[in-house]
$ cat input.tsv   # TSV, C-alpha atoms
chain	number	residue	atom	x	y	z
A	1	MET	CA	12.62	62.91	-30.99
A	2	GLU	CA	13.34	60.01	-33.34
A	3	ASP	CA	15.04	60.85	-36.60
A	4	PHE	CA	13.53	59.85	-39.93
A	5	ALA	CA	15.72	56.77	-40.42
A	6	SER	CA	14.91	55.32	-37.01
A	7	GLN	CA	11.26	55.02	-37.93
A	8	TYR	CA	12.21	52.16	-40.24
A	9	LYS	CA	14.18	50.13	-37.72
A	10	ASP	CA	12.86	46.70	-36.77
A	11	THR	CA	11.28	46.60	-33.33
A	12	ILE	CA	12.38	44.06	-30.72
A	13	LEU	CA	10.25	43.37	-27.65
A	14	ILE	CA	12.26	42.14	-24.64
A	15	VAL	CA	10.24	40.36	-21.96
A	16	ASP	CA	11.87	39.62	-18.59
A	17	ASP	CA	10.82	40.21	-14.98
A	18	VAL	CA	14.40	41.17	-14.08
A	19	VAL	CA	15.18	44.74	-15.14
A	20	GLU	CA	18.93	44.09	-15.21
A	21	ASN	CA	18.46	41.37	-17.83
A	22	ILE	CA	16.40	43.77	-19.95
A	23	ASP	CA	19.15	46.38	-19.69
A	24	VAL	CA	21.80	43.92	-20.95
A	25	LEU	CA	19.76	42.96	-24.01
A	26	LYS	CA	18.70	46.54	-24.62
A	27	GLY	CA	22.34	47.68	-24.57
A	28	THR	CA	23.19	44.98	-27.10
A	29	LEU	CA	20.35	45.70	-29.52
A	30	SER	CA	19.36	49.37	-29.20
A	31	PRO	CA	22.09	50.73	-31.53
A	32	LYS	CA	20.46	48.89	-34.48
A	33	TYR	CA	16.86	48.28	-33.44
A	34	LYS	CA	13.93	49.92	-31.73
A	35	VAL	CA	13.61	48.22	-28.37
A	36	LYS	CA	10.49	47.84	-26.24
A	37	ALA	CA	10.39	46.12	-22.87
A	38	ALA	CA	7.88	44.34	-20.64
A	39	THR	CA	8.42	42.94	-17.15
A	40	SER	CA	5.41	40.59	-17.21
A	41	GLY	CA	3.68	38.25	-19.60
A	42	ALA	CA	0.46	40.24	-19.48
A	43	LYS	CA	2.24	43.45	-20.46
A	44	ALA	CA	4.07	41.62	-23.25
A	45	LEU	CA	0.77	40.41	-24.73
A	46	GLU	CA	-0.65	43.92	-24.52
A	47	ILE	CA	2.32	45.37	-26.43
A	48	ALA	CA	2.32	42.57	-29.02
A	49	ASN	CA	-1.32	43.22	-29.89
A	50	LYS	CA	-0.82	46.94	-30.48
A	51	GLN	CA	0.21	48.55	-33.75
A	52	PRO	CA	2.94	48.78	-34.79
A	53	GLN	CA	3.65	45.26	-33.61
A	54	PRO	CA	7.13	44.06	-32.67
A	55	ASP	CA	9.03	42.28	-35.42
A	56	LEU	CA	10.60	39.84	-32.95
A	57	ILE	CA	10.19	38.94	-29.26
A	58	LEU	CA	12.95	37.90	-26.85
A	59	LEU	CA	11.11	36.08	-24.09
A	60	ASP	CA	12.20	34.91	-20.65
A	61	VAL	CA	10.76	31.60	-19.41
A	62	MET	CA	10.77	31.91	-15.62
A	63	MET	CA	8.40	34.76	-14.77
A	64	PRO	CA	5.73	35.03	-12.03
A	65	GLU	CA	2.00	34.68	-12.76
A	66	MET	CA	2.43	33.88	-16.46
A	67	ASN	CA	5.60	32.08	-17.52
A	68	GLY	CA	7.22	32.38	-20.93
A	69	TYR	CA	5.75	29.14	-22.25
A	70	ASP	CA	2.23	30.37	-21.51
A	71	VAL	CA	2.96	33.71	-23.13
A	72	CYS	CA	4.27	32.01	-26.25
A	73	ARG	CA	1.26	29.68	-26.47
A	74	THR	CA	-1.07	32.66	-26.18
A	75	LEU	CA	0.81	34.55	-28.89
A	76	LYS	CA	0.68	31.59	-31.26
A	77	SER	CA	-3.01	30.95	-30.65
A	78	ASN	CA	-3.92	34.51	-31.68
A	79	PRO	CA	-4.12	35.19	-35.46
A	80	VAL	CA	-2.99	38.76	-34.80
A	81	THR	CA	0.30	37.75	-33.14
A	82	ARG	CA	0.99	34.17	-34.19
A	83	ASP	CA	3.48	35.09	-36.94
A	84	ILE	CA	5.77	37.17	-34.71
A	85	PRO	CA	8.97	35.14	-34.18
A	86	VAL	CA	9.74	34.34	-30.53
A	87	ILE	CA	13.19	33.53	-29.18
A	88	PHE	CA	13.40	32.22	-25.63
A	89	VAL	CA	16.21	33.76	-23.56
A	90	THR	CA	16.53	31.80	-20.31
A	91	ALA	CA	18.77	30.14	-17.78
A	92	LYS	CA	16.83	26.88	-18.32
A	93	SER	CA	19.28	25.37	-20.79
A	94	ASP	CA	18.52	21.65	-20.47
A	95	VAL	CA	17.32	19.69	-23.50
A	96	ALA	CA	13.80	19.15	-22.12
A	97	SER	CA	13.30	22.88	-21.58
A	98	GLU	CA	14.55	23.69	-25.08
A	99	ARG	CA	12.23	21.08	-26.56
A	100	THR	CA	9.27	22.50	-24.64
A	101	GLY	CA	10.12	26.00	-25.82
A	102	LEU	CA	10.30	24.97	-29.46
A	103	GLU	CA	7.10	22.94	-29.17
A	104	THR	CA	5.21	26.00	-27.96
A	105	GLY	CA	6.11	27.78	-31.20
A	106	ALA	CA	9.41	29.55	-30.53
A	107	VAL	CA	11.91	29.76	-33.38
A	108	ASP	CA	15.07	29.62	-31.25
A	109	TYR	CA	16.46	29.26	-27.72
A	110	ILE	CA	19.30	31.35	-26.22
A	111	SER	CA	20.82	30.43	-22.86
A	112	LYS	CA	21.71	32.89	-20.11
A	113	PRO	CA	24.07	34.47	-19.40
A	114	VAL	CA	23.74	35.82	-22.93
A	115	SER	CA	26.59	36.38	-25.34
A	116	PRO	CA	26.01	39.68	-27.22
A	117	PRO	CA	27.46	38.35	-30.52
A	118	ILE	CA	25.19	35.30	-30.35
A	119	VAL	CA	22.15	37.45	-29.56
A	120	LYS	CA	22.91	39.76	-32.48
A	121	ALA	CA	23.48	36.87	-34.89
A	122	ARG	CA	20.27	35.04	-33.91
A	123	VAL	CA	18.21	38.23	-34.10
A	124	ILE	CA	19.58	39.07	-37.57
A	125	THR	CA	18.89	35.52	-38.83
A	126	HIS	CA	15.31	35.34	-37.61
A	127	LEU	CA	14.42	38.86	-38.70
A	128	GLU	CA	15.65	38.06	-42.19
A	129	LEU	CA	13.61	34.86	-42.24
A	130	TYR	CA	10.57	36.71	-40.91
A	131	HIS	CA	10.74	39.46	-43.53
A	132	HIS	CA	11.40	36.93	-46.28
A	133	GLN	CA	8.32	34.99	-45.21
A	134	ARG	CA	6.20	38.14	-45.21
A	135	THR	CA	7.45	39.04	-48.69
A	136	LEU	CA	6.54	35.59	-49.98
A	137	GLU	CA	3.11	35.77	-48.34
A	138	ALA	CA	2.49	39.15	-49.96
A	139	LYS	CA	3.42	37.75	-53.37
A	140	VAL	CA	1.18	34.74	-52.86
A	141	SER	CA	-1.66	37.02	-51.76
A	142	ASP	CA	-1.23	39.20	-54.86
A	143	ARG	CA	-1.17	36.15	-57.12
A	144	THR	CA	-4.24	34.72	-55.40
A	145	ARG	CA	-6.13	37.97	-55.98
A	146	GLU	CA	-5.14	37.89	-59.64
A	147	LEU	CA	-6.42	34.34	-60.00
A	148	GLU	CA	-9.66	35.16	-58.18
A	149	HIS	CA	-10.17	38.14	-60.47
A	150	ALA	CA	-9.65	35.94	-63.51
A	151	GLN	CA	-12.06	33.33	-62.17
A	152	LEU	CA	-14.64	36.01	-61.45
A	153	GLU	CA	-14.38	37.24	-65.02
A	154	ILE	CA	-14.94	33.68	-66.26
A	155	VAL	CA	-18.04	33.36	-64.08
A	156	ARG	CA	-19.40	36.67	-65.31
A	157	ARG	CA	-18.79	35.86	-68.96
A	158	LEU	CA	-20.43	32.47	-68.66
A	159	ALA	CA	-23.42	34.06	-66.97
A	160	ARG	CA	-23.62	36.56	-69.80
A	161	ALA	CA	-23.46	33.77	-72.39
A	162	ALA	CA	-26.39	32.04	-70.70
A	163	GLU	CA	-28.44	35.25	-70.65
A	164	PHE	CA	-27.77	35.86	-74.36
A	165	LYS	CA	-29.28	32.44	-74.97
A	166	ASP	CA	-32.42	33.33	-73.00
A	167	GLU	CA	-32.91	37.09	-73.27
A	168	GLU	CA	-36.56	36.91	-72.22
A	169	THR	CA	-35.54	36.81	-68.55
A	170	GLY	CA	-34.58	40.51	-68.51
A	171	ASN	CA	-32.94	41.70	-65.29
A	172	HIS	CA	-33.66	38.42	-63.55
A	173	VAL	CA	-30.06	37.57	-62.69
A	174	ILE	CA	-29.40	41.05	-61.32
A	175	ARG	CA	-32.41	40.93	-59.02
A	176	MET	CA	-31.97	37.37	-57.79
A	177	SER	CA	-28.26	37.97	-57.15
A	178	HIS	CA	-29.12	40.88	-54.87
A	179	TYR	CA	-31.93	38.88	-53.24
A	180	SER	CA	-29.45	36.09	-52.54
A	181	ARG	CA	-26.98	38.46	-50.95
A	182	ILE	CA	-29.63	40.10	-48.77
A	183	LEU	CA	-30.75	36.69	-47.49
A	184	ALA	CA	-27.22	35.37	-46.93
A	185	HIS	CA	-26.18	38.52	-45.07
A	186	ALA	CA	-29.25	38.29	-42.83
A	187	MET	CA	-28.37	34.67	-42.12
A	188	ASN	CA	-25.05	35.92	-40.66
A	189	MET	CA	-22.96	34.09	-43.22
A	190	ASN	CA	-19.29	35.01	-43.53
A	191	PRO	CA	-18.93	38.29	-45.52
A	192	GLU	CA	-16.59	36.61	-48.03
A	193	TRP	CA	-19.13	33.83	-48.49
A	194	VAL	CA	-21.91	36.37	-49.01
A	195	ASP	CA	-19.86	38.22	-51.62
A	196	ARG	CA	-19.03	34.94	-53.34
A	197	LEU	CA	-22.69	34.00	-53.49
A	198	PHE	CA	-23.57	37.39	-55.01
A	199	ASN	CA	-21.00	36.79	-57.75
A	200	THR	CA	-21.96	33.19	-58.49
A	201	ALA	CA	-25.76	33.40	-58.25
A	202	PRO	CA	-25.93	34.57	-61.91
A	203	MET	CA	-24.48	31.19	-62.84
A	204	HIS	CA	-27.54	29.27	-61.70
A	205	ASP	CA	-28.92	28.83	-65.22
A	206	VAL	CA	-25.65	28.68	-67.16
A	207	GLY	CA	-26.56	25.15	-68.23
A	208	LYS	CA	-29.36	26.53	-70.40
A	209	ILE	CA	-26.64	27.14	-72.97
A	210	GLY	CA	-26.98	23.43	-73.75
A	211	ILE	CA	-30.77	23.35	-74.03
A	212	PRO	CA	-32.18	23.39	-77.59
A	213	ASP	CA	-33.82	26.70	-78.54
A	214	HIS	CA	-37.12	25.09	-79.50
A	215	ILE	CA	-37.48	24.00	-75.87
A	216	LEU	CA	-35.83	26.90	-74.07
A	217	LEU	CA	-37.72	29.59	-76.00
A	218	LYS	CA	-41.03	27.75	-76.33
A	219	ARG	CA	-43.96	30.06	-75.54
A	220	GLY	CA	-46.34	27.34	-74.49
A	221	GLN	CA	-46.26	24.67	-71.83
A	222	LEU	CA	-43.51	22.08	-72.14
A	223	THR	CA	-44.34	18.44	-72.72
A	224	ALA	CA	-43.14	15.79	-70.29
A	225	GLU	CA	-40.32	14.89	-72.67
A	226	GLU	CA	-39.33	18.54	-73.04
A	227	TRP	CA	-39.30	19.00	-69.25
A	228	THR	CA	-36.94	16.05	-68.96
A	229	ILE	CA	-34.56	17.78	-71.35
A	230	MET	CA	-35.00	21.17	-69.68
A	231	ARG	CA	-34.09	19.73	-66.29
A	232	GLN	CA	-30.76	18.69	-67.72
A	233	HIS	CA	-29.61	22.34	-67.55
A	234	THR	CA	-28.52	21.71	-63.95
A	235	ILE	CA	-26.24	18.85	-64.98
A	236	ILE	CA	-24.99	20.77	-68.01
A	237	GLY	CA	-24.25	23.76	-65.77
A	238	ALA	CA	-22.14	21.64	-63.46
A	239	GLN	CA	-20.27	20.23	-66.45
A	240	ILE	CA	-19.61	23.71	-67.84
A	241	VAL	CA	-18.17	24.97	-64.54
A	242	GLY	CA	-16.28	21.74	-63.95
A	243	GLU	CA	-14.29	20.60	-60.92
A	244	SER	CA	-12.07	23.18	-59.23
A	245	SER	CA	-10.21	23.83	-55.99
A	246	SER	CA	-11.28	27.49	-56.17
A	247	PRO	CA	-13.98	28.41	-53.61
A	248	LEU	CA	-15.54	30.73	-56.20
A	249	MET	CA	-15.78	28.05	-58.88
A	250	GLN	CA	-16.93	25.45	-56.35
A	251	MET	CA	-19.83	27.66	-55.33
A	252	ALA	CA	-20.65	28.40	-58.98
A	253	ARG	CA	-20.93	24.66	-59.54
A	254	GLU	CA	-23.08	24.24	-56.40
A	255	VAL	CA	-25.46	26.96	-57.50
A	256	ALA	CA	-25.71	25.63	-61.05
A	257	VAL	CA	-26.47	22.05	-60.04
A	258	CYS	CA	-28.47	22.52	-56.81
A	259	HIS	CA	-30.83	25.48	-57.27
A	260	HIS	CA	-33.73	23.17	-58.23
A	261	GLU	CA	-33.24	20.74	-55.35
A	262	LYS	CA	-36.05	20.82	-52.77
A	263	TRP	CA	-35.94	20.57	-49.00
A	264	ASP	CA	-38.22	17.50	-48.99
A	265	GLY	CA	-36.07	15.66	-51.52
A	266	SER	CA	-38.49	15.96	-54.46
A	267	GLY	CA	-36.26	18.29	-56.50
A	268	TYR	CA	-33.75	17.60	-59.23
A	269	PRO	CA	-31.27	16.53	-60.51
A	270	LYS	CA	-30.13	14.41	-57.53
A	271	GLY	CA	-33.13	14.48	-55.21
A	272	LEU	CA	-31.05	15.90	-52.37
A	273	LYS	CA	-32.92	16.42	-49.13
A	274	GLY	CA	-32.64	18.95	-46.29
A	275	GLU	CA	-29.10	19.85	-45.32
A	276	GLU	CA	-27.73	17.60	-48.04
A	277	ILE	CA	-28.39	20.61	-50.27
A	278	PRO	CA	-25.57	23.17	-50.07
A	279	VAL	CA	-26.58	26.41	-48.35
A	280	SER	CA	-25.81	28.33	-51.53
A	281	GLY	CA	-28.35	26.24	-53.45
A	282	ARG	CA	-30.99	26.69	-50.75
A	283	VAL	CA	-30.60	30.48	-50.72
A	284	VAL	CA	-30.59	30.81	-54.50
A	285	ALA	CA	-33.69	28.59	-54.73
A	286	VAL	CA	-35.73	31.12	-52.74
A	287	ALA	CA	-34.33	34.12	-54.62
A	288	ASP	CA	-34.77	32.48	-58.02
A	289	VAL	CA	-38.34	31.29	-57.48
A	290	PHE	CA	-39.53	34.58	-55.97
A	291	ASP	CA	-38.18	36.56	-58.90
A	292	ALA	CA	-39.49	34.06	-61.46
A	293	LEU	CA	-42.98	34.20	-59.96
A	294	THR	CA	-43.11	37.99	-59.80
A	295	SER	CA	-41.68	38.52	-63.31
A	296	GLU	CA	-43.42	38.36	-66.66
A	297	ARG	CA	-42.31	35.54	-68.92
A	298	PRO	CA	-43.42	34.59	-72.44
A	299	TYR	CA	-45.53	31.79	-70.98
A	300	LYS	CA	-47.06	33.67	-68.02
A	301	GLU	CA	-47.91	37.03	-66.51
A	302	ALA	CA	-46.12	38.36	-63.43
A	303	TRP	CA	-47.74	37.24	-60.21
A	304	PRO	CA	-48.70	39.80	-57.55
A	305	VAL	CA	-46.13	39.90	-54.75
A	306	GLU	CA	-48.72	38.79	-52.20
A	307	ARG	CA	-49.51	35.64	-54.17
A	308	ALA	CA	-45.82	34.80	-54.69
A	309	VAL	CA	-45.06	35.30	-50.98
A	310	GLN	CA	-47.99	33.08	-50.06
A	311	VAL	CA	-46.79	30.27	-52.32
A	312	ILE	CA	-43.23	30.49	-51.00
A	313	THR	CA	-44.48	30.50	-47.40
A	314	GLU	CA	-46.77	27.53	-48.03
A	315	ASN	CA	-43.81	25.61	-49.47
A	316	SER	CA	-41.57	26.19	-46.45
A	317	GLY	CA	-40.25	22.80	-45.39
A	318	GLN	CA	-41.25	21.27	-48.73
A	319	HIS	CA	-39.59	23.18	-51.55
A	320	PHE	CA	-37.64	25.60	-49.38
A	321	ASP	CA	-35.42	25.45	-46.31
A	322	PRO	CA	-37.79	26.37	-43.44
A	323	ASN	CA	-34.99	28.29	-41.75
A	324	ILE	CA	-34.64	30.67	-44.70
A	325	ILE	CA	-38.31	31.59	-45.13
A	326	PRO	CA	-38.58	33.68	-41.91
A	327	VAL	CA	-35.45	35.53	-43.06
A	328	PHE	CA	-37.03	36.07	-46.47
A	329	LEU	CA	-40.21	37.46	-44.92
A	330	ASN	CA	-38.24	39.74	-42.59
A	331	LYS	CA	-36.15	41.10	-45.46
A	332	LEU	CA	-39.02	41.38	-47.93
A	333	PRO	CA	-39.10	45.22	-47.83
A	334	GLU	CA	-35.44	45.35	-48.93
A	335	ILE	CA	-36.04	42.69	-51.56
A	336	LEU	CA	-38.97	44.67	-52.97
A	337	LYS	CA	-36.78	47.77	-53.27
A	338	ILE	CA	-34.39	45.76	-55.41
A	339	LYS	CA	-37.32	44.43	-57.45
A	340	ASP	CA	-38.63	47.93	-58.14
A	341	TYR	CA	-35.20	49.39	-58.86
A	342	TYR	CA	-34.35	46.72	-61.44
A	343	GLN	CA	-37.78	46.21	-62.94
A	344	ASP	CA	-37.85	45.05	-66.53
A	345	GLU	CA	-38.68	47.61	-69.17
A	346	PRO	CA	-40.45	46.66	-72.40
A	347	GLY	CA	-37.93	45.17	-74.76
A	348	THR	CA	-35.34	44.61	-72.05
A	349	ASN	CA	-32.42	42.40	-72.97
A	350	THR	CA	-29.49	41.29	-70.87
A	351	SER	CA	-26.48	42.50	-72.83
A	352	ASN	CA	-25.36	44.77	-69.99
A	353	ILE	CA	-26.05	42.51	-67.03
A	354	VAL	CA	-22.40	41.58	-66.47
A	355	GLU	CA	-21.42	45.23	-66.39
A	356	VAL	CA	-24.19	46.03	-63.91
A	357	LEU	CA	-23.16	43.23	-61.57
A	358	ARG	CA	-19.53	44.30	-61.84
A	359	SER	CA	-20.11	47.99	-61.17
A	360	GLU	CA	-22.91	47.87	-58.65
A	361	ARG	CA	-21.18	46.25	-55.67
A	362	LEU	CA	-24.05	47.15	-53.36
A	363	SER	CA	-23.65	46.06	-49.77
A	364	HIS	CA	-26.58	44.73	-47.79
A	365	HIS	CA	-27.08	48.16	-46.21
A	366	GLN	CA	-26.65	50.07	-49.47
A	367	ALA	CA	-29.23	47.87	-51.11
A	368	ALA	CA	-31.72	48.88	-48.45
A	369	GLU	CA	-31.21	52.53	-49.38
A	370	ILE	CA	-32.14	52.21	-53.06
A	371	PRO	CA	-34.93	54.72	-53.72

$ encode --input "input.tsv" --output "structure tokens"
Amino acid sequence: MEDFASQYKDTILIVDDVVENIDVLKGTLSPKYKVKAATSGAKALEIANKQPQPDLILLDVMMPEMNGYDVCRTLKSNPVTRDIPVIFVTAKSDVASERTGLETGAVDYISKPVSPPIVKARVITHLELYHHQRTLEAKVSDRTRELEHAQLEIVRRLARAAEFKDEETGNHVIRMSHYSRILAHAMNMNPEWVDRLFNTAPMHDVGKIGIPDHILLKRGQLTAEEWTIMRQHTIIGAQIVGESSSPLMQMAREVAVCHHEKWDGSGYPKGLKGEEIPVSGRVVAVADVFDALTSERPYKEAWPVERAVQVITENSGQHFDPNIIPVFLNKLPEILKIKDYYQDEPGTNTSNIVEVLRSERLSHHQAAEIP
């Protein structure tokens, strides 16, 4: 039975079809490391893919069925195993063979017959480099999460600022954010992309911060001149979000500027057509319009669901992406559960919308279970 300290030893996988060669390397390394062995490339790949994974692989080149080069290429092509350092240990010591080994992704090349001191020194060096790299990657990952959290807070606060400017919209951003996520999930979008859309959908009308109150809060129909000004909220929204290398902020900008573009090119502000419109904008367009139609506003009563669905269906291929509308119709029961759960109460304002979106991280399946 292994003692407690041995559980924290680095693990070395030795791959060689000659058992005697494995025994030599094992005798050299076993006092300091855990040692696993494989006599074929297939077995080596099987071990490398299992947890806990080896921290380093010593790999022979000349093996039957699958040679060492092929094993190394397979390891490096797999995201699960590509970071494990590989050192070739082989009798093929010519320059061409070494170059081939390094080109396949190996970090070093040791010639047979092996020298135990050289093996130990190379193993120590590459394990230290490997662990240092993992430490750096962990720090970068932590820092990235911190930055993403900060960006998400910015997005949420901007969305809240926009809703304070136009409090008549009630729980609109909560509902349409959930609608957007339901649609994106059903479209088999990447889960990270779906989550990003859920968090940025509330930013679609952030540009209304820049629209004068006498236009934004007008209770009657807007004049042609007022509509021209109102449409500027898409451009203003893009300016508020600005240019960024962050995927979150990039999508926030897409949503802000593109949610009024139409599939047939008759939308605004750029008149984008079809797949020129980012997918995020196409999804949010459906979610936004459906909720706007079925919600009461100062200038209109809420439409019956049946009428809103009919209008959206009739505008498939004109206003809306025709590929999204069948998804919308299929997911309508889940969307209606969200609508009922977050219905506006008399006197509703939006002061707590950011907190709701932060705390209620409902998945697609959880959303379907809302009573």

$ residues_around --input "input.tsv" --residues "segment 90-95 of chain A" --least-positions-apart "4" --cutoff "8 Å" --atoms "all atoms listed in the file" --output "list in words"
Leu59, Asp60, Val61, Met62, Arg99, Tyr109, Ile110, Ser111, Lys112 and Pro113 of chain A

$ residues_near_point --input "input.tsv" --point "(-29.9, 42.4, -53.4)" --cutoff "6 Å" --atoms "all atoms listed in the file" --output "list in words"
His178, Tyr179, Arg181, Ile182, Ile338 and Ala367 of chain A

$ atom_distance --input "input.tsv" --atom1 "atom CA of Glu306 of chain A" --atom2 "atom CA of His204 of chain A"
25.1 Å

$ closest_atom_pairs --input "input.tsv" --of "segment 43-98 of chain A" --to "segment 124-129 of chain A" --cutoff "9 Å" --atoms "only C-alpha atoms" --output "CSV"
residue,atom,partner,partner_atom,distance
A:Asp55,CA,A:Leu127,CA,7.2
A:Leu56,CA,A:Leu127,CA,7.0
A:Pro85,CA,A:His126,CA,7.2
A:Ile87,CA,A:His126,CA,8.9

$ atom_distance --input "input.tsv" --atom1 "atom CA of Phe290 of chain A" --atom2 "atom CA of Ile229 of chain A"
23.3 Å

$ residues_around --input "input.tsv" --residues "segment 323-328 of chain A" --least-positions-apart "6" --cutoff "7 Å" --atoms "all atoms listed in the file" --output "list in words"
Leu183, Ala186, Thr313 and Ser316 of chain A

$ write_last_selection --input "input.tsv" --atoms "C-alpha atoms" --output "PDB file, in the coordinates of the input"
ATOM      1  CA  LEU A 183     -30.750  36.690 -47.490  1.00  0.00           C
ATOM      2  CA  ALA A 186     -29.250  38.290 -42.830  1.00  0.00           C
ATOM      3  CA  THR A 313     -44.480  30.500 -47.400  1.00  0.00           C
ATOM      4  CA  SER A 316     -41.570  26.190 -46.450  1.00  0.00           C
TER       5      SER A 316
END

$ closest_residue --input "input.tsv" --among "A:Val311, A:Phe198, A:Glu65, A:Val86" --to "Arg122 of chain A" --atoms "all atoms listed in the file"
A:Val86

$ closest_residue --input "input.tsv" --among "A:Asp213, A:Glu314, A:Asp16, A:Asp291" --to "Pro64 of chain A" --atoms "only C-alpha atoms"
A:Asp16

$ residues_near_point --input "input.tsv" --point "(21.4, 47.8, -32.7)" --cutoff "12 Å" --atoms "all atoms listed in the file" --output "PyMOL selection string"
chain A and resi 6+9-12+25-35+116-117+119-121+123-124

$ closest_residue --input "input.tsv" --among "A:Asp205, A:Leu329, A:Val24, A:Gly265" --to "Ser115 of chain A" --atoms "only C-alpha atoms"
A:Val24

$ atom_distance --input "input.tsv" --atom1 "atom CA of Lys339 of chain A" --atom2 "atom CA of Ala308 of chain A"
13.1 Å

$ residues_around --input "input.tsv" --residues "Asn315 of chain A" --least-positions-apart "3" --cutoff "12 Å" --atoms "only C-alpha atoms" --output "list of chain:residue names"
A:Lys262, A:Trp263, A:Asp264, A:Ala285, A:Val286, A:Val289, A:Phe290, A:Ala308, A:Val309, A:Gln310, A:Val311, A:Ile312, A:Gln318, A:His319, A:Phe320, A:Asp321, A:Pro322, A:Ile324, A:Ile325

$ residues_around --input "input.tsv" --residues "Val257 of chain A" --least-positions-apart "4" --cutoff "8 Å" --atoms "only C-alpha atoms" --output "PyMOL selection string"
chain A and resi 204+234-235+237-238+253+269

$ closest_residue --input "input.tsv" --among "A:Leu13, A:Ile277, A:Ala252, A:Leu293" --to "Lys50 of chain A" --atoms "all atoms listed in the file"
A:Leu13
